[in-house]
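*Asks:* First the structure, which I've put down as structure tokens, then a few questions once you've had a look.
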Amino acid sequence: MFNKAMENVRLSPIVAISEEVNKKASETGKDFILFQRGEIGFSTPKYIVAAMIEALNQGLTKYPVSGGHIKLKKAIIHKLSNFNHVHGLEPENIVVTHGGQEGLQLAFKLFEGKKAVGFAPVWSCVLEDMVPYTSIDFRQIPLTGDFSINYDLLEGEIKDAAFLYLNTPHNPTGKIFNKEEIENVVKICSKYGTYIISDEAYERITFDGNEHFSPMQLDYENIIAAYTFSKTYAMTGWRLGYLVSRNKKITNLIKLGDYTQTAGVPTYTQFAGAEAILNTEMEKESLDSFMTEFSVRRNTLYEGLKAIDGVKLPIKPEGAFYIFPDFSEFVPKDIDKEESRLYIFHKLMDEGVATVYGSCFGKYFQNNLRFSYSTTNLEQIEEGVSRIKKALHK
Ligand SMILES: Cc1ncc(COP(=O)(O)O)c(C=O)c1O
């Protein structure tokens, strides 16, 4: 009776995992180490909060300008040019959205019912929410064992696809697709005119001098890029993001799409976003402090997991705040597929370590687990690693 597309949207398994953790913690009195969430532990920097309060005090509480306020759009154009090296954009190339999530959903909606492709593992929200909501026939192209791209597989699938969903820095692997890889991907897409929905949520969370490369730097018009303030500025709860495309027909359609749901982001939130970008001194200070902490956490978790015999780590994460090790060695060969899918996840849960199982990220890499270090401090990471060691060698 109801719209099938909406009935097909599923609750994120990450929410279900968090509920299971709460239940187990209250039953057993155990303190869990929480590696399952992509939430950021840091508070939003004070200079951004102050800008929102100031905007509210100025009375900016009326209906927002559809598509985004010019003040924020100008700040975004400045940021795209300076940081992403994407030049020549105008306010009409930008649509301000309620977080990256709304931006992606509106972009997917443009291609409703069509075939699309994306590299697997793929962010769970795409599989559980965006794809069912827009009735997209989504084909997963597995990355190789070290999370590289198999271009033959890509070319084989892309010929009749409407778009490629491309995420870099990548959730859940922490891989950054470098300039050469992006150039190769764009070359293949341009051969068939395939659109790229470029999800750059983690653009500023990069380690060891690895640089984020935006596909829009290249001379190809069929790109829709989705950005968010959530990760860069610890603004997950503010719900602020934006979409960018050189094709104004696309941004115009997306703006109309936004009318059907939220009719715009509150102006005071947008003013805070503009300040977040334009106060470059404070931006640097807060980002530097986030990155120093993330970097130590990443090293500790990576080294700790690497030191456990049998745990395979295809790469040292280059960006985002996830690590995606392979636990195949520890999965018994004689159990059925369903049991094996959750085997290691449950083993770690029994020891008080919460993660996300690989099947949340698609049909490949089912023996991997995603660990997020966005909320866990160093002490918790060390305790987590020692519990993992104990769980695996029991
Ligand atoms: C890969 C990826 N893209 C986009 C987002 C969207 O974030 P938000 O809706 O908070 O802007 C997330 C959030 O976790 C993510 O992991």
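Every chain in the structure tokens takes a letter, A first, then B, and so on in the order presented; its residues are numbered from 1, and the ligands are numbered from 1 following the presented order.
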Do you know which residues are within 9 Å of ligand 1 using only C-alpha atoms and all ligand atoms? Can you write them as a PyMOL selection string?

*Replies:* chain A and resi 37-39+97-104+122-126+167-172+199-202+226-231+235-242+320

*Asks:* Please save N, CA and C atoms of the selected residues as a compact mmCIF listing (two decimals), in the first residue's frame.

*Replies:*
# COMPACT_ATOMS: atom_id res chain seq x y z
N ARG A 37 31.15 3.60 15.75
CA ARG A 37 30.48 4.80 15.24
C ARG A 37 31.38 5.76 14.47
N GLY A 38 30.77 6.40 13.44
CA GLY A 38 31.49 7.40 12.65
C GLY A 38 31.30 8.80 13.22
N GLU A 39 30.78 8.87 14.45
CA GLU A 39 30.57 10.15 15.12
C GLU A 39 31.93 10.74 15.50
N THR A 97 22.99 22.00 1.39
CA THR A 97 22.11 20.88 1.76
C THR A 97 22.19 20.59 3.26
N HIS A 98 21.23 19.79 3.71
CA HIS A 98 21.26 19.34 5.11
C HIS A 98 22.26 18.19 5.25
N GLY A 99 23.51 18.54 5.39
CA GLY A 99 24.56 17.54 5.52
C GLY A 99 24.87 16.89 4.18
N GLY A 100 25.94 16.10 4.19
CA GLY A 100 26.32 15.38 2.98
C GLY A 100 25.23 14.38 2.61
N GLN A 101 24.57 13.87 3.62
CA GLN A 101 23.59 12.83 3.37
C GLN A 101 22.43 13.31 2.49
N GLU A 102 21.89 14.50 2.78
CA GLU A 102 20.81 15.00 1.93
C GLU A 102 21.34 15.29 0.53
N GLY A 103 22.56 15.83 0.47
CA GLY A 103 23.15 16.12 -0.84
C GLY A 103 23.25 14.85 -1.69
N LEU A 104 23.74 13.79 -1.09
CA LEU A 104 23.89 12.54 -1.83
C LEU A 104 22.53 11.99 -2.24
N VAL A 122 31.52 -0.50 0.26
CA VAL A 122 30.88 0.80 0.03
C VAL A 122 30.17 1.24 1.31
N TRP A 123 30.19 2.53 1.59
CA TRP A 123 29.57 3.10 2.80
C TRP A 123 28.16 2.55 2.97
N SER A 124 27.87 2.02 4.15
CA SER A 124 26.62 1.30 4.39
C SER A 124 25.37 2.14 4.09
N CYS A 125 25.42 3.42 4.34
CA CYS A 125 24.26 4.28 4.13
C CYS A 125 23.83 4.33 2.65
N VAL A 126 24.82 4.20 1.77
CA VAL A 126 24.51 4.17 0.34
C VAL A 126 23.67 2.92 0.05
N ASN A 167 33.94 7.48 -3.61
CA ASN A 167 34.16 8.09 -2.29
C ASN A 167 35.66 8.07 -1.96
N THR A 168 36.21 9.26 -1.79
CA THR A 168 37.61 9.38 -1.39
C THR A 168 37.79 10.63 -0.54
N PRO A 169 38.55 10.57 0.57
CA PRO A 169 39.04 9.41 1.29
C PRO A 169 37.90 8.45 1.65
N HIS A 170 38.22 7.18 1.70
CA HIS A 170 37.21 6.14 1.62
C HIS A 170 36.78 5.56 2.97
N ASN A 171 35.48 5.53 3.14
CA ASN A 171 34.85 4.84 4.26
C ASN A 171 34.36 3.49 3.69
N PRO A 172 34.80 2.35 4.15
CA PRO A 172 35.43 2.05 5.43
C PRO A 172 36.92 1.76 5.41
N ASP A 199 31.84 11.67 -3.53
CA ASP A 199 31.59 11.89 -2.11
C ASP A 199 32.92 12.20 -1.41
N GLU A 200 33.08 13.47 -1.03
CA GLU A 200 34.37 13.91 -0.48
C GLU A 200 34.23 14.33 0.99
N ALA A 201 33.40 13.58 1.71
CA ALA A 201 33.10 13.92 3.11
C ALA A 201 34.37 14.04 3.96
N TYR A 202 35.38 13.22 3.67
CA TYR A 202 36.58 13.19 4.52
C TYR A 202 37.76 13.93 3.90
N ALA A 226 29.79 15.97 -3.57
CA ALA A 226 29.06 16.17 -2.31
C ALA A 226 30.06 16.40 -1.18
N TYR A 227 29.82 17.48 -0.43
CA TYR A 227 30.70 17.85 0.68
C TYR A 227 29.88 18.03 1.95
N THR A 228 30.59 18.03 3.07
CA THR A 228 29.92 18.22 4.36
C THR A 228 30.81 18.98 5.34
N PHE A 229 30.17 19.66 6.28
CA PHE A 229 30.90 20.31 7.37
C PHE A 229 31.11 19.35 8.54
N SER A 230 30.41 18.20 8.49
CA SER A 230 30.37 17.28 9.64
C SER A 230 31.73 16.89 10.15
N LYS A 231 32.62 16.46 9.24
CA LYS A 231 33.88 15.86 9.67
C LYS A 231 34.97 16.92 9.87
N MET A 235 31.00 18.99 13.10
CA MET A 235 29.65 19.58 13.07
C MET A 235 28.60 18.55 12.67
N THR A 236 28.77 17.31 13.12
CA THR A 236 27.85 16.24 12.67
C THR A 236 26.38 16.57 12.94
N GLY A 237 26.11 17.16 14.10
CA GLY A 237 24.71 17.42 14.46
C GLY A 237 24.12 18.68 13.83
N TRP A 238 24.91 19.45 13.13
CA TRP A 238 24.41 20.71 12.56
C TRP A 238 23.68 20.45 11.24
N ARG A 239 24.01 19.37 10.59
CA ARG A 239 23.45 18.98 9.30
C ARG A 239 23.70 20.08 8.25
N LEU A 240 24.94 20.25 7.90
CA LEU A 240 25.30 21.25 6.90
C LEU A 240 26.26 20.65 5.87
N GLY A 241 25.89 20.79 4.62
CA GLY A 241 26.74 20.28 3.53
C GLY A 241 26.40 21.03 2.25
N TYR A 242 26.98 20.59 1.13
CA TYR A 242 26.65 21.23 -0.15
C TYR A 242 27.02 20.32 -1.32
N ALA A 320 40.43 9.57 6.29
CA ALA A 320 39.20 9.28 7.09
C ALA A 320 39.62 8.77 8.47

*Asks:* Report the residues of stretch 87-128 of chain A whose backbone DSSP state falls under strand (DSSP E or B), written as a list in words.

*Replies:*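 Taking stretch 87-128 of chain A and keeping strand (DSSP E or B) gives Ile94, Val95, Val96, Thr97, Lys115, Ala116, Val117, Gly118, Phe119 and Ala120 of chain A.
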
*Asks:* Rank nothing, just name the residue among A:His78, A:Lys62, A:Lys73, A:Lys24 nearest to A:Asn279, using only C-alpha atoms.

*Replies:* A:His78

*Asks:* Which is closer to A:Gly145 than all the others in A:Lys255, A:Lys394, A:Arg370, A:Lys312, using only C-alpha atoms?

*Replies:*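 Residue with the minimum atom-to-atom distance to A:Gly145: A:Lys312.
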
*Asks:* Identify, with DSSP run on backbone atoms, the residues in stretch 106-320 of chain A assigned to helix (DSSP H, G or I), and express the list as a ChimeraX atom specification.

*Replies:* /A:106-109,124-133,151-158,179-192,215-217,236-238,248-259,267-278,280-306

*Asks:* Using only C-alpha atoms, which of the listed residues (A:Leu287, A:Val21, A:Leu143, A:Val385) sits closest to A:Lys306?

*Replies:*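 That would be A:Val385, the residue with the smallest distance to A:Lys306.
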
*Asks:* Taking only residues of stretch 202-286 of chain A that have an atom at most 8 Å from an atom of stretch 175-184 of chain A, what is each one's shortest atom pair and its distance in Å to one decimal, using only C-alpha atoms, in chain and number order, as CSV?

*Replies:*
residue,atom,partner,partner_atom,distance
A:Asn210,CA,A:Ile176,CA,7.6
A:Glu211,CA,A:Asn178,CA,7.5
A:His212,CA,A:Ile176,CA,6.9
A:Phe213,CA,A:Lys179,CA,5.7
A:Pro215,CA,A:Ile182,CA,6.3
A:Leu218,CA,A:Glu183,CA,7.5

*Asks:* Those residues you just picked out, can you put them in a file as a CSV table (one decimal), in the first residue's frame with C-alpha atoms?

*Replies:*
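The result, written out as out33.csv:
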chain,number,residue,atom,x,y,z
A,210,ASN,CA,48.7,12.1,1.3
A,211,GLU,CA,46.6,14.7,-0.6
A,212,HIS,CA,43.0,14.6,-1.3
A,213,PHE,CA,42.4,14.9,-5.1
A,215,PRO,CA,37.7,14.7,-9.5
A,218,LEU,CA,39.8,17.5,-14.1

*Asks:* Can you pull out every residue within 6 Å of stretch 8-19 of chain A, counting only C-alpha atoms, but drop anything in the same chain fewer than 4 positions away, and send it as a PDB file with C-alpha atoms, in the first residue's frame?

*Replies:*
ATOM      1  CA  GLU A 128      20.801   0.706   3.076  1.00  0.00           C
ATOM      2  CA  ASP A 129      19.291   4.125   2.420  1.00  0.00           C
ATOM      3  CA  PRO A 132      16.601   1.623  -1.931  1.00  0.00           C
ATOM      4  CA  TYR A 133      15.078   5.112  -1.583  1.00  0.00           C
TER       5      TYR A 133
END

*Asks:* Which residues are near stretch 152-164 of chain A? Cut-off 6 Å, only C-alpha atoms, ignore same chain within fewer than 4 positions. Put them as a list in words.

*Replies:*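 Contacts, with the query itself left out: Lys115, Ala116, Val117, Gly118, Thr194, Tyr195 and Ile196 of chain A.
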
*Asks:* My list of candidates is A:His87, A:Tyr220, A:Ser214, A:Glu293. Which is closest to A:Tyr192 when distances are computed with only C-alpha atoms?

*Replies:*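 Comparing A:His87, A:Tyr220, A:Ser214, A:Glu293 against A:Tyr192, the winner is A:Tyr220.
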
*Asks:* Give me the residues near A:Glu283 as a PyMOL selection string, where near means some atom within 10 Å (using only C-alpha atoms) and where sequence neighbours in that chain fewer than 6 positions away do not count.

*Replies:* chain A and resi 45+47-48+232-233+275-277
